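Pasting input-v7.cif here (mmCIF, C-alpha atoms):
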data_run
#
loop_
_atom_site.group_PDB
_atom_site.id
_atom_site.type_symbol
_atom_site.label_atom_id
_atom_site.label_comp_id
_atom_site.auth_asym_id
_atom_site.auth_seq_id
_atom_site.Cartn_x
_atom_site.Cartn_y
_atom_site.Cartn_z
ATOM 1 C CA MET J 273 37.050 -14.328 165.176
ATOM 2 C CA GLY J 274 34.101 -14.007 162.826
ATOM 3 C CA GLY J 275 35.646 -16.582 160.472
ATOM 4 C CA SER J 276 36.174 -19.062 163.306
ATOM 5 C CA SER J 277 32.576 -18.710 164.456
ATOM 6 C CA SER J 278 31.144 -19.375 161.002
ATOM 7 C CA THR J 279 33.327 -22.449 160.650
ATOM 8 C CA VAL J 280 31.874 -23.919 163.850
ATOM 9 C CA ILE J 281 28.323 -23.066 162.855
ATOM 10 C CA GLY J 282 28.776 -24.433 159.357
ATOM 11 C CA ARG J 283 30.517 -27.634 160.399
ATOM 12 C CA PRO J 284 28.590 -30.616 159.017
ATOM 13 C CA ARG J 285 27.171 -33.134 161.447
ATOM 14 C CA GLY J 286 28.982 -36.425 161.693
ATOM 15 C CA PHE J 287 25.816 -38.358 160.799
ATOM 16 C CA ASP J 288 22.887 -38.311 158.389
ATOM 17 C CA THR J 289 20.063 -36.589 160.295
ATOM 18 C CA ASP J 290 17.461 -37.750 157.778
ATOM 19 C CA GLN J 291 18.452 -41.386 158.186
ATOM 20 C CA ALA J 292 18.692 -41.001 161.964
ATOM 21 C CA LEU J 293 15.149 -39.608 162.104
ATOM 22 C CA GLU J 294 13.897 -42.465 159.928
ATOM 23 C CA ARG J 295 15.367 -44.970 162.379
ATOM 24 C CA ALA J 296 13.922 -43.119 165.369
ATOM 25 C CA MET J 297 10.511 -43.215 163.693
ATOM 26 C CA GLU J 298 10.804 -46.983 163.308
ATOM 27 C CA VAL J 299 11.698 -47.410 166.987
ATOM 28 C CA PHE J 300 8.708 -45.345 168.126
ATOM 29 C CA TRP J 301 6.529 -47.215 165.634
ATOM 30 C CA ALA J 302 7.602 -50.592 166.983
ATOM 31 C CA ARG J 303 7.812 -49.801 170.715
ATOM 32 C CA GLY J 304 5.657 -46.757 171.355
ATOM 33 C CA TYR J 305 6.790 -43.587 173.097
ATOM 34 C CA GLU J 306 7.289 -45.045 176.566
ATOM 35 C CA GLY J 307 8.674 -48.335 175.296
ATOM 36 C CA ALA J 308 11.390 -46.563 173.313
ATOM 37 C CA SER J 309 14.234 -45.771 175.716
ATOM 38 C CA LEU J 310 16.880 -43.194 174.901
ATOM 39 C CA SER J 311 19.354 -46.068 174.616
ATOM 40 C CA ASP J 312 17.071 -47.809 172.091
ATOM 41 C CA LEU J 313 16.748 -44.621 170.083
ATOM 42 C CA THR J 314 20.396 -43.613 170.037
ATOM 43 C CA ALA J 315 21.510 -47.165 169.240
ATOM 44 C CA ALA J 316 19.150 -47.322 166.273
ATOM 45 C CA MET J 317 20.107 -43.838 165.149
ATOM 46 C CA GLY J 318 23.805 -44.606 165.434
ATOM 47 C CA ILE J 319 24.564 -41.556 167.584
ATOM 48 C CA ASN J 320 25.117 -40.698 171.248
ATOM 49 C CA LYS J 321 22.679 -38.827 173.476
ATOM 50 C CA THR J 322 24.573 -35.538 173.166
ATOM 51 C CA SER J 323 24.280 -35.646 169.386
ATOM 52 C CA MET J 324 20.610 -36.584 169.614
ATOM 53 C CA TYR J 325 19.795 -33.640 171.874
ATOM 54 C CA ALA J 326 21.806 -31.272 169.677
ATOM 55 C CA ALA J 327 20.126 -32.391 166.472
ATOM 56 C CA PHE J 328 16.582 -33.180 167.561
ATOM 57 C CA GLY J 329 15.984 -31.877 171.076
ATOM 58 C CA ASN J 330 14.636 -34.016 173.897
ATOM 59 C CA LYS J 331 12.691 -37.268 173.519
ATOM 60 C CA GLU J 332 9.329 -35.514 173.178
ATOM 61 C CA GLN J 333 10.677 -33.219 170.458
ATOM 62 C CA LEU J 334 12.211 -36.191 168.665
ATOM 63 C CA PHE J 335 8.875 -37.983 168.850
ATOM 64 C CA ARG J 336 7.078 -34.989 167.305
ATOM 65 C CA LYS J 337 9.588 -34.932 164.454
ATOM 66 C CA ALA J 338 9.255 -38.687 163.989
ATOM 67 C CA LEU J 339 5.460 -38.367 163.896
ATOM 68 C CA SER J 340 5.694 -35.671 161.220
ATOM 69 C CA ARG J 341 7.959 -37.923 159.200
ATOM 70 C CA TYR J 342 5.481 -40.780 159.590
ATOM 71 C CA ALA J 343 2.587 -38.558 158.492
ATOM 72 C CA GLU J 344 4.501 -37.373 155.424
ATOM 73 C CA GLY J 345 5.833 -40.852 154.592
ATOM 74 C CA PRO J 346 4.088 -44.141 155.461
ATOM 75 C CA ALA J 347 0.821 -42.438 156.456
ATOM 76 C CA ALA J 348 0.716 -39.922 153.588
ATOM 77 C CA TYR J 349 -2.092 -41.999 152.070
ATOM 78 C CA ALA J 350 -4.461 -40.325 154.557
ATOM 79 C CA ILE J 351 -3.926 -36.885 153.027
ATOM 80 C CA HIS J 352 -3.979 -38.172 149.445
ATOM 81 C CA ALA J 353 -7.256 -40.005 150.120
ATOM 82 C CA LEU J 354 -9.065 -36.728 150.769
ATOM 83 C CA ALA J 355 -8.469 -35.715 147.148
ATOM 84 C CA GLU J 356 -10.407 -38.700 145.770
ATOM 85 C CA PRO J 357 -13.455 -37.616 143.730
ATOM 86 C CA THR J 358 -16.186 -39.372 145.745
ATOM 87 C CA ALA J 359 -16.807 -40.083 149.409
ATOM 88 C CA ARG J 360 -16.733 -43.831 148.787
ATOM 89 C CA GLU J 361 -13.397 -43.552 147.016
ATOM 90 C CA VAL J 362 -12.075 -41.480 149.923
ATOM 91 C CA ALA J 363 -13.099 -44.253 152.335
ATOM 92 C CA GLU J 364 -11.653 -46.936 150.062
ATOM 93 C CA ALA J 365 -8.310 -45.114 149.757
ATOM 94 C CA LEU J 366 -8.158 -44.678 153.523
ATOM 95 C CA LEU J 367 -8.886 -48.315 154.333
ATOM 96 C CA ARG J 368 -6.635 -49.740 151.638
ATOM 97 C CA GLY J 369 -3.910 -47.338 152.733
ATOM 98 C CA ALA J 370 -4.282 -48.503 156.315
ATOM 99 C CA VAL J 371 -3.987 -52.145 155.282
ATOM 100 C CA ARG J 372 -0.919 -51.447 153.172
ATOM 101 C CA THR J 373 0.873 -49.239 155.713
ATOM 102 C CA THR J 374 0.251 -51.439 158.745
ATOM 103 C CA THR J 375 1.634 -54.509 156.960
ATOM 104 C CA LEU J 376 4.629 -53.025 155.124
ATOM 105 C CA PRO J 377 7.421 -55.589 154.686
ATOM 106 C CA GLY J 378 10.407 -54.589 156.792
ATOM 107 C CA SER J 379 8.401 -52.145 158.922
ATOM 108 C CA PRO J 380 6.704 -52.630 162.301
ATOM 109 C CA ALA J 381 3.177 -54.027 162.183
ATOM 110 C CA GLY J 382 0.415 -51.623 163.104
ATOM 111 C CA CYS J 383 0.329 -47.835 163.124
ATOM 112 C CA LEU J 384 2.614 -45.403 164.927
ATOM 113 C CA THR J 385 -0.318 -43.081 165.667
ATOM 114 C CA VAL J 386 -2.212 -45.883 167.435
ATOM 115 C CA GLN J 387 0.656 -47.645 169.174
ATOM 116 C CA GLY J 388 2.766 -44.591 169.911
ATOM 117 C CA ALA J 389 1.233 -43.917 173.313
ATOM 118 C CA LEU J 390 -0.742 -46.939 174.442
ATOM 119 C CA ALA J 391 0.745 -46.702 177.951
ATOM 120 C CA SER J 392 -0.654 -43.866 180.029
ATOM 121 C CA SER J 393 1.870 -43.046 182.732
ATOM 122 C CA ALA J 394 2.801 -39.442 183.410
ATOM 123 C CA GLY J 395 5.963 -39.932 181.364
ATOM 124 C CA GLY J 396 3.981 -40.846 178.286
ATOM 125 C CA ARG J 397 1.439 -38.041 178.592
ATOM 126 C CA PRO J 398 3.143 -35.670 176.113
ATOM 127 C CA ALA J 399 3.078 -38.295 173.380
ATOM 128 C CA TYR J 400 -0.485 -39.271 174.283
ATOM 129 C CA ASP J 401 -1.654 -35.670 173.946
ATOM 130 C CA VAL J 402 0.185 -35.197 170.640
ATOM 131 C CA LEU J 403 -1.369 -38.330 169.173
ATOM 132 C CA VAL J 404 -4.890 -37.526 170.385
ATOM 133 C CA ALA J 405 -4.577 -34.131 168.693
ATOM 134 C CA TRP J 406 -3.218 -35.791 165.528
ATOM 135 C CA ARG J 407 -6.081 -38.289 165.370
ATOM 136 C CA ASN J 408 -8.686 -35.607 166.110
ATOM 137 C CA ASP J 409 -7.270 -33.444 163.325
ATOM 138 C CA ALA J 410 -7.439 -36.372 160.891
ATOM 139 C CA SER J 411 -11.054 -37.004 161.893
ATOM 140 C CA GLN J 412 -11.930 -33.326 161.464
ATOM 141 C CA ARG J 413 -10.420 -33.242 157.970
ATOM 142 C CA LEU J 414 -12.409 -36.320 157.008
ATOM 143 C CA THR J 415 -15.588 -34.794 158.452
ATOM 144 C CA GLU J 416 -15.049 -31.688 156.322
ATOM 145 C CA ARG J 417 -14.458 -33.817 153.224
ATOM 146 C CA PHE J 418 -17.644 -35.807 153.806
ATOM 147 C CA GLN J 419 -19.593 -32.609 154.479
ATOM 148 C CA ARG J 420 -18.410 -31.338 151.116
ATOM 149 C CA ALA J 421 -19.685 -34.588 149.595
ATOM 150 C CA VAL J 422 -23.081 -33.918 151.200
ATOM 151 C CA ASP J 423 -23.138 -30.344 149.920
ATOM 152 C CA GLU J 424 -22.203 -31.520 146.399
ATOM 153 C CA GLY J 425 -24.874 -34.227 146.356
ATOM 154 C CA ASP J 426 -22.378 -37.098 146.397
ATOM 155 C CA LEU J 427 -23.772 -38.224 149.766
ATOM 156 C CA PRO J 428 -27.440 -38.134 150.826
ATOM 157 C CA ARG J 429 -28.571 -34.851 152.357
ATOM 158 C CA ASP J 430 -29.374 -36.501 155.676
ATOM 159 C CA THR J 431 -25.859 -37.951 156.063
ATOM 160 C CA ASP J 432 -24.192 -37.054 159.344
ATOM 161 C CA ALA J 433 -20.694 -36.244 158.059
ATOM 162 C CA GLN J 434 -19.130 -36.362 161.505
ATOM 163 C CA GLN J 435 -20.597 -39.765 162.372
ATOM 164 C CA LEU J 436 -19.551 -41.174 159.009
ATOM 165 C CA ALA J 437 -16.014 -39.839 159.504
ATOM 166 C CA ARG J 438 -15.861 -41.386 162.978
ATOM 167 C CA TYR J 439 -17.017 -44.710 161.558
ATOM 168 C CA VAL J 440 -14.333 -44.741 158.847
ATOM 169 C CA MET J 441 -11.631 -43.620 161.286
ATOM 170 C CA THR J 442 -12.655 -46.376 163.716
ATOM 171 C CA LEU J 443 -12.289 -48.935 160.930
ATOM 172 C CA ASN J 444 -8.951 -47.402 159.961
ATOM 173 C CA PHE J 445 -7.513 -47.572 163.463
ATOM 174 C CA GLY J 446 -9.092 -50.978 164.050
ATOM 175 C CA ILE J 447 -7.186 -52.312 161.062
ATOM 176 C CA ALA J 448 -3.998 -50.999 162.674
ATOM 177 C CA VAL J 449 -4.766 -52.754 165.956
ATOM 178 C CA GLN J 450 -5.511 -56.043 164.175
ATOM 179 C CA ALA J 451 -2.253 -55.716 162.217
ATOM 180 C CA ALA J 452 -0.374 -55.246 165.488
ATOM 181 C CA ASN J 453 -2.120 -58.380 166.746
ATOM 182 C CA GLY J 454 -0.600 -60.316 163.851
ATOM 183 C CA LEU J 455 -3.355 -60.301 161.224
ATOM 184 C CA GLY J 456 -1.834 -60.305 157.739
ATOM 185 C CA HIS J 457 -2.423 -58.145 154.681
ATOM 186 C CA ASP J 458 -4.959 -60.416 152.973
ATOM 187 C CA ASP J 459 -7.104 -60.871 156.080
ATOM 188 C CA LEU J 460 -7.071 -57.151 156.748
ATOM 189 C CA GLN J 461 -7.979 -56.425 153.144
ATOM 190 C CA GLN J 462 -11.001 -58.694 153.515
ATOM 191 C CA ILE J 463 -12.117 -56.578 156.483
ATOM 192 C CA ALA J 464 -11.752 -53.411 154.419
ATOM 193 C CA ASP J 465 -13.613 -54.985 151.492
ATOM 194 C CA THR J 466 -16.469 -56.067 153.785
ATOM 195 C CA ALA J 467 -16.836 -52.529 155.107
ATOM 196 C CA LEU J 468 -16.859 -51.118 151.575
ATOM 197 C CA ARG J 469 -19.456 -53.648 150.360
ATOM 198 C CA ASN J 470 -21.703 -52.405 153.173
ATOM 199 C CA TRP J 471 -21.138 -48.743 152.253
ATOM 200 C CA ARG J 472 -24.587 -47.183 152.563
ATOM 201 C CA PRO J 473 -24.255 -43.718 154.098
#
Show me the file's structure as structure tokens.
Amino acid sequence: MGGSSSTVIGRPRGFDTDQALERAMEVFWARGYEGASLSDLTAAMGINKTSMYAAFGNKEQLFRKALSRYAEGPAAYAIHALAEPTAREVAEALLRGAVRTTTLPGSPAGCLTVQGALASSAGGRPAYDVLVAWRNDASQRLTERFQRAVDEGDLPRDTDAQQLARYVMTLNFGIAVQAANGLGHDDLQQIADTALRNWRP
């Protein structure tokens, strides 16, 4: 009896969960939370709904996992940028990363964290709340990094770290929106370069 139980528990899944999650991420990235139906997701993942629920949970749980994958993959530039030695280099890494990620060949245009929950019906509220929290956390981390720059003398003493972080995040997300609107890499890079030329905290 014990041997039979362990065999069932240890039985490998009939699909690659890592690849399935990657495909789910791309569907959410392209269509948003509400725009991605369960049929869209399971078709892209190559599994049925029963397998999806067993492996990932419900749609909201799958979305959370897909968002984590996005943050650790295409959007990892945001975390790496915080390690840059100066505030200006942090901003440059963030903006260049946004341009690169929102125009990746073979990937949806724009940013999953911006487009993921543009609709606001009750059904999309869980995703909306998750993404608001994600964006607020990113802004808070950037505020803390800029405050450190103030404390270290890299930024002027009278710099409002929170306002500067909000400004850079607005540019970052604006680049994503323009990418979703069809603006290409070079045009978006010009926007980032313009903002950096005017860098006077």
Residue nearest Gln461 (chain J) - candidates J:Asn444, J:Val404, J:Ser311, J:Asp426, atoms counted: all atoms listed in the file: J:Asn444
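Distances from J:Thr373, J:Asp312, J:Gly318, J:Glu306 to Ala292 (chain J) were compared using all atoms listed in the file, and the smallest one belongs to J:Gly318.
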Residues of region 437-463 of chain J that have any atom at most 10 Å from an atom of region 347-367 of chain J: could you tabulate them with the shortest-distance atom pair and the distance in Å to one decimal, using all atoms listed in the file, ordered by chain and increasing number, as a Markdown table?
| residue | atom | partner | partner_atom | distance |
| --- | --- | --- | --- | --- |
| J:Ala437 | CA | J:Ala363 | CA | 8.9 |
| J:Val440 | CA | J:Ala363 | CA | 6.6 |
| J:Met441 | CA | J:Leu366 | CA | 8.6 |
| J:Leu443 | CA | J:Leu367 | CA | 7.4 |
| J:Asn444 | CA | J:Leu367 | CA | 5.7 |
| J:Phe445 | CA | J:Leu367 | CA | 9.3 |
| J:Ile447 | CA | J:Leu367 | CA | 8.0 |
| J:Leu460 | CA | J:Leu367 | CA | 9.3 |
| J:Gln461 | CA | J:Leu367 | CA | 8.2 |
| J:Ile463 | CA | J:Leu367 | CA | 9.1 |
Residues near Gln333 (chain J), anyone? I mean within 12 Å using only C-alpha atoms, not counting same-chain ones fewer than 6 positions away, as a VMD selection string. chain J and resid 293 296 305 324 to 327 339 to 340 398 to 399 402
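Residues in contact with Val422 (chain J) at 9 Å, where all atoms listed in the file are counted and same-chain residues fewer than 5 positions away are skipped, are listed as Ala359, Arg417, Leu427, Pro428, Arg429, Asp430, Thr431, Asp432 and Ala433 of chain J.
You can rank J:Gly425, J:Gly304, J:Pro380, J:Gly345 by their closest distance to Leu403 (chain J) using all atoms listed in the file, and at the top of that list sits J:Gly304.
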Can you tell me how far CA of Tyr400 (chain J) sits from CA of Gly388 (chain J), in Å to one decimal? 7.6 Å
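The gap separating CA of Gly396 (chain J) from CA of Gly456 (chain J) is 28.9 Å, in Å to one decimal.
Interatomic distance, CA of Thr415 (chain J) against CA of Gln434 (chain J): 4.9 Å.
Comparing J:Ala464, J:Cys383, J:Leu376, J:Leu436 by their smallest distance to Phe418 (chain J), the closest is J:Leu436 (using only C-alpha atoms).
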Result set, the PyMOL selection byres ((chain J and resi 301) around 12) on current file, as an MDAnalysis selection string: chainID J and resid 294:300 302:308 313 335 338:339 341:343 346:347 373:374 379:390 448 452
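The closest residue to Gln450 (chain J), picked from J:Ala370, J:Ser411, J:Ser393, J:Gly378 and counting all atoms listed in the file, is J:Ala370.
Across J:His457, J:Asn470, J:Asn330, J:Gln435, the tightest approach to Gln419 (chain J) is made by J:Gln435 when counting all atoms listed in the file.
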